[in-house]
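Visitor: Sending over a structure as structure tokens; questions will come in a sec.
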Amino acid sequence: MNVADSRRVGSALECLGYAFTGSLEDADVIVLNTCVVRQSAEDKAYGRLSSLKPLKTKNPALVINLMGCLVGIRNNEKLRIRFPYVDVFSPPSDPGPLVAFLTQEEARTIETSETENRFAVMDGKFVLPEHERGKLVSAHVPVVLGCSHACTFCIIPSRRGAERSRSSVDVLADVRTLVAQGVKEITLLGQIVDRYGKDLPDGPNLTTLLRILHQVEGLERIRFLTSHPNYFGEDIMEAVTELPKVMPHIEIPIQAGDDDVLKNMRRGYTQSEYRKIVQKIRGRISGSSIATDIIVGFPGESEMQFMETYHLLEDLRLDVAHLARYSVRPGTVAERRFPDDVPEEEKMRRFRMLEELQEKIVGEINSRYLGNKVDVLFEDKVKGRWRGRTPTNKLVFAETGQDLRGKVIPVTVIWTGPWSMQAALNSIPSPDGRGVQG
Ligand code: SF4
């Protein structure tokens, strides 16, 4: 979400005539976009912010913009007092305050009408800044901003605000622009993406949105994340099955395997309901892959409760498990209500147990790809090898002298590991129709 937000700021600044620079020393404007999902991320953001102070001292004309969840949606008076050298504070996903500040600065030297025109061009768009156009194959498009679910461990609702779905017209416009700029795959983002449209009176739901976007010419692939088990209905499964551009990869977190822990997290479902959803997805979407998120060591999680999570992963054999150790997040319900009573070493032990289990499971799942032909959308070249993804979101590397960027190529998997695969290119059609070998 933050990467998409940063791109949005970048393109907004370009509309005002600014250009990207990779060097802090050369910049006239520095935007620090922040994440506070964990305390360590917040501490890092404060560190980066402090490191900008000498630049401002050296160059008082430098504009520093602090953006994102560190600022949040509420009054940030404390931040203003603590960081007086920051010129602009922007909430998540909103380049507005920075644009307004720079526009006012500019208005002293150029005509107001011209400034307003340029402002209008960027308003509301999630598009690519100039230096990424034609290079980025896969881009994220936020479709639901904020979250109203309020899981007890999560700070996001208080920092990103209540759930707001963007209009399908705006999303479609963004996707068309991105495709015109060379993007082949878009990932629709929402903290609970399957709730898309539920706050829009008579608005489209996620299924309708997928159907609308599916018609965009030149767009090869559509993904969406993150889904919540309570809202992942059969209509979404049907859309994934019916629409060839929608990839059969579902990110649907469980967070914990024990019902009491789930209740304390206020997730809103039980372990058995989660199992049923997974079964349904597998039954309806053939060849699908499923990813989950897990937090170990939530306050009060006993050994037995942890083992519920372990056995769940063992049984379900999911393709990905994003693992995290619980850490206290000031400002959350969990911080106020539940003492952080699982020792750090114990959290680490549980984390490692799941990590080892998952590595084994994914290694076995991936080995089934060996010798298979799969379509891979190649994105970029890393250390001499082309990197791409299968429809199921598996990472694939291939070696060839050809330019594969942005192409969907059928490949044969020749090696697999838990985290990536290696592939040989099959025959690629050449412009003269005779085909070339990778
Ligand atoms: S669903 Fe829960 S974990 Fe996800 S953003 Fe909303 S409150 Fe946070």
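In the structure tokens, each chain is lettered A, B, ... as it comes, each chain's residues begin at 1, and ligands are numbered from 1 in order of appearance.
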Skip stretch 295-308 of chain A itself and residues of its chain fewer than 6 positions away, then list as number ranges by chain all residues within 9 Å of it, counting only C-alpha atoms.
Guide: A: 153, 254-261, 264-265, 271, 322-327, 334, 338-344, 346-348, 350-351
Visitor: Quick one: residues within 7 Å of ligand 1, with only C-alpha atoms and all ligand atoms, as a PyMOL selection string?
Guide: chain A and resi 147-151+154-157+191-192+228+267
Visitor: What's around A:Ser11 at 7 Å? Count only C-alpha atoms, leave out sequence neighbours fewer than 3 positions away in its own chain, and write the answer as a ChimeraX atom specification.
Guide: /A:7-8,14-15,127-129
Visitor: Can you write out the residues you just picked, keeping N, CA, C and O atoms, as a PDB file, in the first residue's frame?
Guide:
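And here's again.pdb as it stands now:
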```pdb
ATOM      1  N   ARG A   7       4.185   6.076  -5.126  1.00  0.00           N
ATOM      2  CA  ARG A   7       4.132   6.313  -6.584  1.00  0.00           C
ATOM      3  C   ARG A   7       3.145   7.432  -6.882  1.00  0.00           C
ATOM      4  O   ARG A   7       3.360   8.259  -7.758  1.00  0.00           O
ATOM      5  N   ARG A   8       2.068   7.437  -6.132  1.00  0.00           N
ATOM      6  CA  ARG A   8       1.038   8.453  -6.347  1.00  0.00           C
ATOM      7  C   ARG A   8       1.619   9.849  -6.057  1.00  0.00           C
ATOM      8  O   ARG A   8       1.388  10.801  -6.795  1.00  0.00           O
ATOM      9  N   GLU A  14       5.433  15.184 -10.250  1.00  0.00           N
ATOM     10  CA  GLU A  14       5.788  15.402 -11.660  1.00  0.00           C
ATOM     11  C   GLU A  14       4.809  16.338 -12.345  1.00  0.00           C
ATOM     12  O   GLU A  14       5.189  17.134 -13.201  1.00  0.00           O
ATOM     13  N   CYS A  15       3.530  16.234 -11.958  1.00  0.00           N
ATOM     14  CA  CYS A  15       2.537  17.161 -12.525  1.00  0.00           C
ATOM     15  C   CYS A  15       2.859  18.607 -12.143  1.00  0.00           C
ATOM     16  O   CYS A  15       2.453  19.547 -12.821  1.00  0.00           O
ATOM     17  N   VAL A 127      -0.907   6.639 -10.426  1.00  0.00           N
ATOM     18  CA  VAL A 127      -0.197   6.342 -11.676  1.00  0.00           C
ATOM     19  C   VAL A 127       1.301   6.320 -11.421  1.00  0.00           C
ATOM     20  O   VAL A 127       1.761   6.611 -10.316  1.00  0.00           O
ATOM     21  N   LEU A 128       2.049   5.976 -12.452  1.00  0.00           N
ATOM     22  CA  LEU A 128       3.491   5.831 -12.267  1.00  0.00           C
ATOM     23  C   LEU A 128       4.230   7.129 -12.487  1.00  0.00           C
ATOM     24  O   LEU A 128       3.928   7.862 -13.426  1.00  0.00           O
ATOM     25  N   PRO A 129       5.224   7.403 -11.644  1.00  0.00           N
ATOM     26  CA  PRO A 129       6.087   8.524 -11.963  1.00  0.00           C
ATOM     27  C   PRO A 129       6.918   8.216 -13.210  1.00  0.00           C
ATOM     28  O   PRO A 129       7.145   7.047 -13.535  1.00  0.00           O
TER      29      PRO A 129
END
```
Visitor: What is the atom CA of A:Glu163-atom CA of A:Ala4 distance in Å, reported with one decimal?
Guide: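 Straight-line distance from atom CA of A:Glu163 to atom CA of A:Ala4 works out to 17.3 Å.
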Visitor: Would you kindly return, as a ChimeraX atom specification, each protein, DNA or RNA residue with an atom no farther than 9 Å from any atom of A:Ala398, considering only C-alpha atoms and excluding same-chain residues fewer than 5 positions away?
Guide: /A:385-388,411,421-425,438
Visitor: For the selection just defined, write its residues with C-alpha atoms to a file, as a PDB file, in the first residue's frame.
Guide:
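Once written, out07.pdb looks like this:
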```pdb
ATOM      1  CA  ARG A 385      18.498 -14.007 -14.626  1.00  0.00           C
ATOM      2  CA  TRP A 386      14.958 -13.072 -15.620  1.00  0.00           C
ATOM      3  CA  ARG A 387      12.519 -13.085 -12.738  1.00  0.00           C
ATOM      4  CA  GLY A 388       8.809 -13.719 -13.066  1.00  0.00           C
ATOM      5  CA  VAL A 411       8.304 -22.293 -19.573  1.00  0.00           C
ATOM      6  CA  MET A 421      11.986 -22.282  -9.137  1.00  0.00           C
ATOM      7  CA  GLN A 422      14.176 -22.351 -12.185  1.00  0.00           C
ATOM      8  CA  ALA A 423      12.773 -22.761 -15.676  1.00  0.00           C
ATOM      9  CA  ALA A 424      13.872 -23.362 -19.246  1.00  0.00           C
ATOM     10  CA  LEU A 425      12.159 -21.441 -21.983  1.00  0.00           C
ATOM     11  CA  GLY A 438      15.530 -19.801 -25.061  1.00  0.00           C
TER      12      GLY A 438
END
```
Visitor: As a compact mmCIF listing (two decimals) with N, CA, C and O atoms, in the first residue's frame, please: the residues near stretch 30-39 of chain A (cut-off 6 Å, only C-alpha atoms, same-chain neighbours under 6 positions excluded).
Guide:
```txt
# COMPACT_ATOMS: atom_id res chain seq x y z
N ILE A 64 10.54 19.20 3.52
CA ILE A 64 10.45 17.83 4.04
C ILE A 64 8.98 17.51 4.33
O ILE A 64 8.29 18.25 5.02
N ASN A 65 8.55 16.39 3.76
CA ASN A 65 7.16 15.95 3.92
C ASN A 65 7.14 14.60 4.64
O ASN A 65 7.72 13.63 4.17
N LEU A 66 6.51 14.57 5.79
CA LEU A 66 6.33 13.30 6.51
C LEU A 66 4.93 12.80 6.16
O LEU A 66 3.95 13.52 6.30
N MET A 67 4.88 11.54 5.72
CA MET A 67 3.62 11.00 5.21
C MET A 67 3.34 9.62 5.82
O MET A 67 4.24 8.98 6.34
N GLY A 68 2.10 9.21 5.76
CA GLY A 68 1.77 7.82 6.08
C GLY A 68 1.26 7.61 7.48
O GLY A 68 0.77 8.52 8.15
N CYS A 69 1.41 6.37 7.94
CA CYS A 69 0.77 5.96 9.20
C CYS A 69 1.38 6.63 10.43
O CYS A 69 0.74 6.70 11.47
N LEU A 70 2.64 7.09 10.34
CA LEU A 70 3.20 7.81 11.48
C LEU A 70 2.42 9.10 11.72
O LEU A 70 2.21 9.52 12.85
```
Visitor: Give me, as a PyMOL selection string, the residues of stretch 44-101 of chain A that a backbone DSSP run labels strand (DSSP E or B).
Guide: chain A and resi 63-68+88-90
Visitor: When you draw a straight line from atom CA of A:Ile186 to atom CA of A:Thr208, how long is it in Å?
Guide: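 Atom CA of A:Ile186 sits 16.0 Å away from atom CA of A:Thr208.
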Visitor: Can you tell me how far atom CA of A:Val278 sits from atom CA of A:Leu318, in Å to one decimal?
Guide: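 Atom CA of A:Leu318 lies 9.0 Å from atom CA of A:Val278.
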Visitor: I need the residues of stretch 33-272 of chain A that end up classed as helix (DSSP H, G or I) by DSSP on the backbone, written out as a PyMOL selection string.
Guide: chain A and resi 39-58+77-82+96-107+112-122+130-132+156-160+168-180+193-195+206-214+234-242+259-265+271-272
Visitor: Quick one: which stretch 179-210 of chain A residues come within 9 Å of stretch 235-247 of chain A, and what is the nearest atom pair for each with the distance in Å to one decimal, counting only C-alpha atoms, rows ordered by chain and ascending number, as JSON lines?
Guide:
```
{"residue": "A:Asp194", "atom": "CA", "partner": "A:Ile236", "partner_atom": "CA", "distance": 8.1}
{"residue": "A:Leu206", "atom": "CA", "partner": "A:Ile236", "partner_atom": "CA", "distance": 7.3}
{"residue": "A:Thr207", "atom": "CA", "partner": "A:Ile236", "partner_atom": "CA", "distance": 5.5}
{"residue": "A:Thr208", "atom": "CA", "partner": "A:Ala239", "partner_atom": "CA", "distance": 8.7}
{"residue": "A:Leu210", "atom": "CA", "partner": "A:Ala239", "partner_atom": "CA", "distance": 7.4}
```
Visitor: May I have the selected residues written with N, CA and C atoms, as a PDB file, in the first residue's frame?
Guide:
```pdb
ATOM      1  N   ASP A 194     -11.911  -8.018  -0.047  1.00  0.00           N
ATOM      2  CA  ASP A 194     -13.196  -8.620  -0.431  1.00  0.00           C
ATOM      3  C   ASP A 194     -14.389  -7.853   0.141  1.00  0.00           C
ATOM      4  N   LEU A 206     -16.489  -6.528  -5.263  1.00  0.00           N
ATOM      5  CA  LEU A 206     -15.190  -6.919  -5.827  1.00  0.00           C
ATOM      6  C   LEU A 206     -15.372  -7.707  -7.124  1.00  0.00           C
ATOM      7  N   THR A 207     -16.387  -8.565  -7.150  1.00  0.00           N
ATOM      8  CA  THR A 207     -16.626  -9.380  -8.343  1.00  0.00           C
ATOM      9  C   THR A 207     -16.911  -8.497  -9.559  1.00  0.00           C
ATOM     10  N   THR A 208     -17.778  -7.494  -9.340  1.00  0.00           N
ATOM     11  CA  THR A 208     -18.097  -6.595 -10.459  1.00  0.00           C
ATOM     12  C   THR A 208     -16.842  -5.849 -10.899  1.00  0.00           C
ATOM     13  N   LEU A 210     -13.758  -6.796 -10.682  1.00  0.00           N
ATOM     14  CA  LEU A 210     -12.880  -7.712 -11.436  1.00  0.00           C
ATOM     15  C   LEU A 210     -13.377  -7.864 -12.878  1.00  0.00           C
TER      16      LEU A 210
END
```
Visitor: Using only C-alpha atoms, which protein or nucleic acid residues come within 10 Å of A:Ser168? Drop anything in the same chain fewer than 5 positions from it, and give the result as a VMD selection string.
Guide: chain A and resid 143 173 to 174 196 to 197 203 to 206 208 to 210 212 to 213
Visitor: Can I get the selected residues back with all heavy atoms, as a short mmCIF file (atom, residue, chain, number, x, y, z; two decimals), in the first residue's frame?
Guide:
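So the final result, stored in selection30.cif, reads:
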```cif
data_model
loop_
_atom_site.label_atom_id
_atom_site.label_comp_id
_atom_site.auth_asym_id
_atom_site.auth_seq_id
_atom_site.Cartn_x
_atom_site.Cartn_y
_atom_site.Cartn_z
N VAL A 143 -7.72 -0.10 -3.74
CA VAL A 143 -9.15 0.05 -4.06
C VAL A 143 -9.98 0.27 -2.80
O VAL A 143 -11.06 0.84 -2.86
CB VAL A 143 -9.70 -1.15 -4.88
CG1 VAL A 143 -8.99 -1.25 -6.21
CG2 VAL A 143 -9.60 -2.46 -4.12
N ALA A 173 -9.93 4.03 -14.38
CA ALA A 173 -9.09 5.07 -15.01
C ALA A 173 -7.62 4.83 -14.66
O ALA A 173 -6.74 4.91 -15.53
CB ALA A 173 -9.54 6.46 -14.55
N ASP A 174 -7.35 4.51 -13.39
CA ASP A 174 -5.96 4.25 -12.97
C ASP A 174 -5.38 3.05 -13.72
O ASP A 174 -4.25 3.07 -14.18
CB ASP A 174 -5.91 3.94 -11.47
CG ASP A 174 -6.07 5.18 -10.63
OD1 ASP A 174 -6.16 6.28 -11.21
OD2 ASP A 174 -6.09 5.06 -9.39
N TYR A 196 -14.64 -4.78 -0.76
CA TYR A 196 -14.72 -3.67 -1.71
C TYR A 196 -16.18 -3.36 -2.07
O TYR A 196 -16.97 -4.26 -2.39
CB TYR A 196 -13.95 -3.97 -3.01
CG TYR A 196 -14.16 -2.88 -4.03
CD1 TYR A 196 -13.50 -1.66 -3.89
CD2 TYR A 196 -15.08 -3.01 -5.06
CE1 TYR A 196 -13.74 -0.62 -4.78
CE2 TYR A 196 -15.31 -1.98 -5.95
CZ TYR A 196 -14.64 -0.79 -5.80
OH TYR A 196 -14.89 0.26 -6.66
N GLY A 197 -16.53 -2.09 -1.99
CA GLY A 197 -17.86 -1.64 -2.42
C GLY A 197 -18.94 -1.70 -1.36
O GLY A 197 -20.01 -1.14 -1.54
N GLY A 203 -23.07 0.37 -4.82
CA GLY A 203 -21.80 0.34 -5.55
C GLY A 203 -21.48 -1.06 -6.04
O GLY A 203 -22.12 -2.03 -5.62
N PRO A 204 -20.48 -1.19 -6.92
CA PRO A 204 -20.09 -2.51 -7.37
C PRO A 204 -19.37 -3.24 -6.24
O PRO A 204 -18.81 -2.59 -5.35
CB PRO A 204 -19.10 -2.20 -8.50
CG PRO A 204 -18.56 -0.86 -8.17
CD PRO A 204 -19.64 -0.12 -7.44
N ASN A 205 -19.39 -4.56 -6.27
CA ASN A 205 -18.59 -5.31 -5.30
C ASN A 205 -17.29 -5.75 -5.98
O ASN A 205 -17.04 -5.38 -7.14
CB ASN A 205 -19.37 -6.48 -4.71
CG ASN A 205 -19.86 -7.41 -5.80
OD1 ASN A 205 -19.37 -7.37 -6.94
ND2 ASN A 205 -20.84 -8.24 -5.47
N LEU A 206 -16.49 -6.53 -5.26
CA LEU A 206 -15.19 -6.92 -5.83
C LEU A 206 -15.37 -7.71 -7.12
O LEU A 206 -14.63 -7.52 -8.10
CB LEU A 206 -14.41 -7.75 -4.80
CG LEU A 206 -13.03 -8.21 -5.27
CD1 LEU A 206 -12.10 -7.03 -5.56
CD2 LEU A 206 -12.38 -9.14 -4.25
N THR A 208 -17.78 -7.49 -9.34
CA THR A 208 -18.10 -6.59 -10.46
C THR A 208 -16.84 -5.85 -10.90
O THR A 208 -16.59 -5.68 -12.10
CB THR A 208 -19.17 -5.56 -10.02
OG1 THR A 208 -20.12 -6.22 -9.20
CG2 THR A 208 -19.84 -4.92 -11.20
N LEU A 209 -16.07 -5.40 -9.93
CA LEU A 209 -14.85 -4.66 -10.26
C LEU A 209 -13.90 -5.54 -11.10
O LEU A 209 -13.33 -5.09 -12.10
CB LEU A 209 -14.15 -4.19 -8.98
CG LEU A 209 -12.92 -3.32 -9.19
CD1 LEU A 209 -13.27 -1.97 -9.82
CD2 LEU A 209 -12.18 -3.08 -7.86
N LEU A 210 -13.76 -6.80 -10.68
CA LEU A 210 -12.88 -7.71 -11.44
C LEU A 210 -13.38 -7.86 -12.88
O LEU A 210 -12.59 -7.86 -13.82
CB LEU A 210 -12.83 -9.09 -10.76
CG LEU A 210 -12.11 -9.15 -9.40
CD1 LEU A 210 -12.31 -10.52 -8.76
CD2 LEU A 210 -10.62 -8.87 -9.56
N ILE A 212 -15.13 -5.70 -14.59
CA ILE A 212 -14.89 -4.44 -15.33
C ILE A 212 -13.43 -4.38 -15.79
O ILE A 212 -13.13 -4.11 -16.95
CB ILE A 212 -15.23 -3.21 -14.44
CG1 ILE A 212 -16.73 -3.15 -14.13
CG2 ILE A 212 -14.75 -1.92 -15.08
CD1 ILE A 212 -17.12 -2.12 -13.07
N LEU A 213 -12.53 -4.65 -14.85
CA LEU A 213 -11.09 -4.51 -15.16
C LEU A 213 -10.63 -5.58 -16.15
O LEU A 213 -9.68 -5.37 -16.91
CB LEU A 213 -10.27 -4.58 -13.88
CG LEU A 213 -10.58 -3.49 -12.83
CD1 LEU A 213 -9.71 -3.66 -11.61
CD2 LEU A 213 -10.38 -2.09 -13.43
#
```
Visitor: So that I can see what lies close to A:Phe224, please list as an NGL selection string the residues with an atom at most 6 Å from it, counting only C-alpha atoms and leaving out residues fewer than 5 positions away in the same chain.
Guide: :A and (187-189)
Visitor: Give me a file of those residues, with N, CA, C and O atoms, as a CSV table (one decimal), in the first residue's frame.
Guide:
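Final output, saved to part03.csv:
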```csv
chain,number,residue,atom,x,y,z
A,187,THR,N,-2.3,-5.5,-9.1
A,187,THR,CA,-2.8,-6.1,-7.8
A,187,THR,C,-3.7,-5.1,-7.1
A,187,THR,O,-3.2,-4.0,-6.8
A,188,LEU,N,-4.9,-5.4,-6.9
A,188,LEU,CA,-5.9,-4.6,-6.2
A,188,LEU,C,-5.6,-4.7,-4.7
A,188,LEU,O,-5.6,-5.8,-4.2
A,189,LEU,N,-5.5,-3.6,-4.1
A,189,LEU,CA,-5.2,-3.6,-2.6
A,189,LEU,C,-6.3,-3.1,-1.8
A,189,LEU,O,-6.9,-2.1,-2.1
```
